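Novice: So here's work.cif (mmCIF, C-alpha atoms).
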data_target
#
loop_
_atom_site.label_atom_id
_atom_site.label_comp_id
_atom_site.auth_asym_id
_atom_site.auth_seq_id
_atom_site.Cartn_x
_atom_site.Cartn_y
_atom_site.Cartn_z
CA MET A 2 -3.70 -6.31 16.10
CA LYS A 3 -4.14 -4.93 12.60
CA LYS A 4 -1.74 -4.97 9.65
CA GLU A 5 -2.24 -3.12 6.38
CA ILE A 6 -0.29 -4.01 3.25
CA ARG A 7 -0.14 -2.41 -0.19
CA ILE A 8 1.53 -4.11 -3.16
CA CYS A 9 1.71 -1.99 -6.28
CA GLY A 10 3.20 -2.12 -9.75
CA PHE A 11 1.85 -2.50 -13.24
CA GLY A 12 -0.46 -4.99 -14.94
CA GLY A 13 1.21 -8.26 -15.84
CA GLN A 14 3.50 -8.35 -12.79
CA GLY A 15 1.16 -10.48 -10.70
CA VAL A 16 0.47 -7.77 -8.14
CA ILE A 17 -3.11 -8.97 -7.62
CA LEU A 18 -2.03 -12.60 -7.17
CA ALA A 19 0.63 -11.51 -4.66
CA GLY A 20 -2.02 -9.76 -2.58
CA PHE A 21 -4.38 -12.71 -2.84
CA ILE A 22 -1.63 -15.06 -1.60
CA ILE A 23 -0.85 -12.86 1.40
CA GLY A 24 -4.53 -12.56 2.29
CA LYS A 25 -5.00 -16.31 1.94
CA ALA A 26 -1.94 -17.05 4.09
CA ALA A 27 -3.27 -14.81 6.86
CA SER A 28 -6.89 -15.96 6.75
CA VAL A 29 -6.70 -19.65 5.84
CA TYR A 30 -3.38 -20.66 7.35
CA MET A 31 -2.96 -18.24 10.25
CA ASP A 32 -6.63 -17.89 11.25
CA TYR A 33 -6.84 -14.09 11.03
CA ASN A 34 -9.53 -12.05 9.39
CA ALA A 35 -8.33 -10.65 6.07
CA VAL A 36 -9.74 -8.69 3.17
CA GLN A 37 -8.02 -8.04 -0.12
CA SER A 38 -9.04 -5.32 -2.54
CA GLN A 39 -7.57 -4.54 -5.91
CA SER A 40 -7.41 -1.81 -8.47
CA TYR A 41 -6.04 -1.91 -11.99
CA GLY A 42 -6.30 0.05 -15.19
CA PRO A 43 -8.22 -1.07 -18.27
CA GLU A 44 -5.05 -2.32 -19.94
CA ALA A 45 -4.37 -6.05 -19.68
CA ARG A 46 -0.67 -5.34 -19.22
CA GLY A 47 1.29 -2.22 -18.43
CA GLY A 48 -1.36 -0.18 -16.63
CA ALA A 49 -1.22 0.64 -12.93
CA ALA A 50 -2.14 -2.20 -10.56
CA ARG A 51 -2.58 -2.26 -6.81
CA SER A 52 -3.50 -4.92 -4.28
CA GLU A 53 -4.32 -3.99 -0.70
CA ILE A 54 -4.68 -6.38 2.22
CA VAL A 55 -6.04 -5.65 5.68
CA ILE A 56 -5.34 -8.35 8.28
CA SER A 57 -6.74 -8.31 11.81
CA ASP A 58 -7.49 -10.51 14.79
CA LYS A 59 -10.81 -8.63 15.07
CA LYS A 60 -13.64 -8.00 12.63
CA ILE A 61 -12.61 -5.67 9.82
CA GLY A 62 -14.95 -2.72 9.57
CA TYR A 63 -13.33 -0.99 6.60
CA PRO A 64 -11.75 -3.08 3.82
CA ARG A 65 -9.14 -0.55 2.64
CA PRO A 66 -5.88 0.47 4.31
CA THR A 67 -5.94 3.76 6.17
CA SER A 68 -2.36 3.56 7.45
CA VAL A 69 -0.07 1.21 5.51
CA ASP A 70 2.37 -0.94 7.52
CA LEU A 71 4.07 -2.47 4.46
CA LEU A 72 4.50 -1.01 0.98
CA VAL A 73 5.88 -3.21 -1.79
CA ALA A 74 6.53 -1.19 -4.96
CA MET A 75 7.34 -2.98 -8.21
CA SER A 76 7.34 -0.01 -10.60
CA GLN A 77 8.52 3.60 -10.59
CA GLU A 78 5.01 4.92 -11.17
CA ALA A 79 3.64 2.92 -8.25
CA PHE A 80 6.45 4.07 -5.94
CA ASP A 81 5.96 7.69 -6.95
CA THR A 82 2.21 7.41 -6.38
CA TYR A 83 2.30 5.76 -2.95
CA ARG A 84 5.55 6.88 -1.31
CA ASP A 85 3.88 9.91 0.26
CA ASP A 86 0.98 7.83 1.60
CA ILE A 87 3.03 6.15 4.33
CA ARG A 88 4.00 6.57 7.97
CA ASP A 89 7.52 7.04 9.31
CA ASP A 90 7.58 3.40 10.41
CA THR A 91 6.09 1.89 7.24
CA VAL A 92 8.29 -0.90 5.90
CA ILE A 93 9.10 -0.21 2.23
CA ILE A 94 10.38 -2.84 -0.19
CA ILE A 95 11.31 -2.04 -3.79
CA ASP A 96 13.05 -3.68 -6.71
CA PRO A 97 15.80 -1.13 -7.48
CA ASP A 98 15.96 -2.35 -11.09
CA LEU A 99 12.31 -1.31 -11.53
CA VAL A 100 12.26 1.66 -9.12
CA LYS A 101 15.41 3.57 -10.00
CA LYS A 102 14.51 6.89 -8.34
CA HIS A 103 13.84 5.83 -4.76
CA SER A 104 15.60 8.34 -2.53
CA ILE A 105 13.08 9.59 0.01
CA GLY A 106 15.46 10.36 2.85
CA ARG A 107 14.73 7.21 4.82
CA PRO A 108 15.79 3.58 4.69
CA LEU A 109 14.03 1.04 2.54
CA TYR A 110 14.71 -2.53 1.48
CA LYS A 111 16.00 -3.26 -2.01
CA ILE A 112 15.28 -6.70 -3.43
CA HIS A 113 16.38 -7.52 -6.98
CA ALA A 114 13.26 -9.63 -7.45
CA GLN A 115 13.07 -9.48 -11.24
CA GLN A 116 16.75 -10.44 -11.53
CA ILE A 117 16.22 -13.39 -9.17
CA ALA A 118 13.16 -14.47 -11.19
CA GLU A 119 15.14 -14.25 -14.43
CA GLU A 120 17.89 -16.39 -12.87
CA LEU A 121 15.19 -18.97 -12.13
CA GLY A 122 14.27 -18.88 -15.81
CA ASN A 123 11.08 -16.81 -15.90
CA LYS A 124 10.46 -13.23 -14.78
CA ILE A 125 6.78 -14.07 -14.36
CA VAL A 126 7.61 -15.17 -10.79
CA THR A 127 8.97 -11.75 -9.79
CA ASN A 128 5.83 -11.28 -7.70
CA ILE A 129 6.44 -14.51 -5.77
CA VAL A 130 10.06 -13.53 -5.12
CA MET A 131 8.70 -10.28 -3.64
CA VAL A 132 6.14 -12.19 -1.56
CA GLY A 133 8.97 -14.29 -0.12
CA ALA A 134 11.11 -11.24 0.59
CA ALA A 135 8.19 -9.42 2.21
CA THR A 136 7.50 -12.47 4.38
CA SER A 137 11.07 -12.36 5.75
CA ILE A 138 11.40 -8.59 6.05
CA PHE A 139 7.97 -7.75 7.46
CA GLY A 140 8.14 -10.64 9.91
CA PHE A 141 4.41 -10.91 10.55
CA LEU A 142 3.42 -13.72 8.20
CA LYS A 143 4.58 -17.27 8.92
CA PRO A 144 6.69 -18.63 6.05
CA ASP A 145 4.87 -21.99 6.11
CA ALA A 146 1.50 -20.23 5.84
CA VAL A 147 2.64 -18.17 2.85
CA ARG A 148 4.33 -21.18 1.24
CA ASN A 149 1.05 -23.13 1.51
CA ALA A 150 -0.90 -20.21 0.08
CA VAL A 151 1.51 -19.99 -2.86
CA MET A 152 1.12 -23.72 -3.57
CA ASP A 153 -2.69 -23.43 -3.38
CA SER A 154 -2.82 -20.40 -5.67
CA VAL A 155 -0.68 -21.24 -8.69
CA PRO A 156 -1.31 -23.74 -11.52
CA SER A 157 0.14 -27.19 -10.86
CA ARG A 158 2.59 -26.97 -13.76
CA PHE A 159 4.16 -23.86 -12.16
CA LYS A 160 4.24 -25.02 -8.53
CA GLU A 161 7.92 -26.00 -8.55
CA LEU A 162 9.02 -22.72 -10.15
CA ASN A 163 6.89 -20.66 -7.75
CA LEU A 164 8.17 -22.58 -4.74
CA LYS A 165 11.76 -21.88 -5.82
CA ALA A 166 10.88 -18.21 -6.33
CA PHE A 167 9.32 -18.00 -2.87
CA GLU A 168 12.34 -19.65 -1.23
CA LYS A 169 14.77 -17.35 -3.09
CA GLY A 170 12.68 -14.38 -1.98
CA LEU A 171 12.71 -15.56 1.64
CA GLU A 172 16.49 -15.84 1.46
CA ALA A 173 16.89 -12.42 -0.17
CA GLY A 174 14.66 -10.90 2.50
CA LYS A 175 16.62 -12.49 5.33
CA ASN A 176 19.84 -11.05 3.90
CA ALA A 177 18.41 -7.61 3.11
CA LYS A 178 19.45 -4.58 5.12
CA PRO A 179 17.59 -1.28 4.92
CA GLY A 180 19.47 1.43 3.07
CA LEU A 181 18.91 4.83 1.51
#
What would the structure in this file look like if it were written as structure tokens?

Specialist:
Amino acid sequence: MKKEIRICGFGGQGVILAGFIIGKAASVYMDYNAVQSQSYGPEARGGAARSEIVISDKKIGYPRPTSVDLLVAMSQEAFDTYRDDIRDDTVIIIDPDLVKKHSIGRPLYKIHAQQIAEELGNKIVTNIVMVGAATSIFGFLKPDAVRNAVMDSVPSRFKELNLKAFEKGLEAGKNAKPGL
């Protein structure tokens, strides 16, 4: 078994943290092998950012995805860059408020993650909403494992907010239906 995940957006969205959380959930709480790599521009905020996670029940020989199973795109630029680098069965999740031009002739999941985060009072947890949604939609990661990884990975003063964001994301993912 091998799963390859790419989360992409722009700096300041927490793309790297989202990837770290997924890798931690798989390796620490689900006992898989996992590697997480990241790439981001020189800008502190606003530049391209990407987090890639490879999860396997065997040793991982190459730490970068070669065939992505899940693509989470949190910006138009990221979606445009990576939409052609997928298989026919790759699960795609976008925030349609951030990725407005998303017609690629195949179904994808639309999660209004930033809107949900703003309703919780802080758009900084948009990434955690997406992690929750991806957990439900992709169906590979155990919600308890991801929940524990979230709680281990965020500052104590933000644990409650991040937990709410994760739960709202899980719910949004459960209710999401793929559409064009």

Novice: Measuring atom to atom with only C-alpha atoms, identify which of A:Lys4, A:Pro108, A:Gly12, A:Asp96 is nearest to A:Lys59.

Specialist: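 Distance minimum relative to A:Lys59 lands on A:Lys4.
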
Novice: (-8.0, -5.1, -5.9) in this file's frame - what residues fall within 10 Å of it? Use only C-alpha atoms and give the answer as a list in words.

Specialist: Ile8, Val16, Ile17, Leu18, Gly20, Phe21, Val36, Gln37, Ser38, Gln39, Ser40, Tyr41, Ala50, Arg51, Ser52, Glu53, Ile54 and Arg65 of chain A

Novice: Leaving out A:Ile93 and any residue of its chain fewer than 2 positions from it, which residues lie within 9 Å of it when counting all atoms listed in the file, given as a ChimeraX atom specification?

Specialist: /A:70-74,84,91,95,108-111,179

Novice: Name the closest residue to A:Met2 among the candidates A:Lys60, A:His113, A:Lys175, A:Lys169; distances are taken between atoms, counting all atoms listed in the file.

Specialist: A:Lys60

Novice: When you look at A:Val69 with a cut-off of 8 Å (counting all atoms listed in the file), what residues show up, excluding the ones that are within fewer than 5 positions of it in the same chain? I need them as an MDAnalysis selection string.

Specialist: chainID A and resid 4:7 86:88 91

Novice: Please measure the separation of atom CA of A:Phe139 and atom CA of A:His103, giving the value in Å to one decimal.

Specialist: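 Value for the atom CA of A:Phe139-atom CA of A:His103 distance: 19.2 Å.
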
Novice: Nearest to A:Ala134: which of A:Glu172, A:Asp153, A:Asp81, A:Glu120 is it, counting all atoms listed in the file?

Specialist: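 That would be A:Glu172, the residue with the smallest distance to A:Ala134.
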
Novice: Applied to this file, what does the PyMOL selection byres ((chain A and resi 35) around 9) return in terms of residues, put as a list in words?

Specialist: Gly24, Lys25, Ala27, Ser28, Tyr33, Asn34, Val36, Gln37, Ile54, Val55, Ile56, Ser57, Asp58, Lys60, Ile61 and Pro64 of chain A

Novice: Return the single residue from A:Asn149, A:Ser104, A:Asn123, A:Asn128 that is closest to A:Ala19, with distances computed using all atoms listed in the file.

Specialist: A:Asn128

Novice: Pick the closest to A:Ala150 from A:Met31, A:Pro97, A:Gln115, A:Gly122: which is it, counting all atoms listed in the file?

Specialist: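 Selected residue with least distance to A:Ala150: A:Met31.
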
Novice: Tell me, in Å to one decimal, how far atom CA of A:Leu164 is from atom CA of A:Lys178.

Specialist: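 Atom-to-atom, atom CA of A:Leu164 and atom CA of A:Lys178 are spaced 23.4 Å apart.
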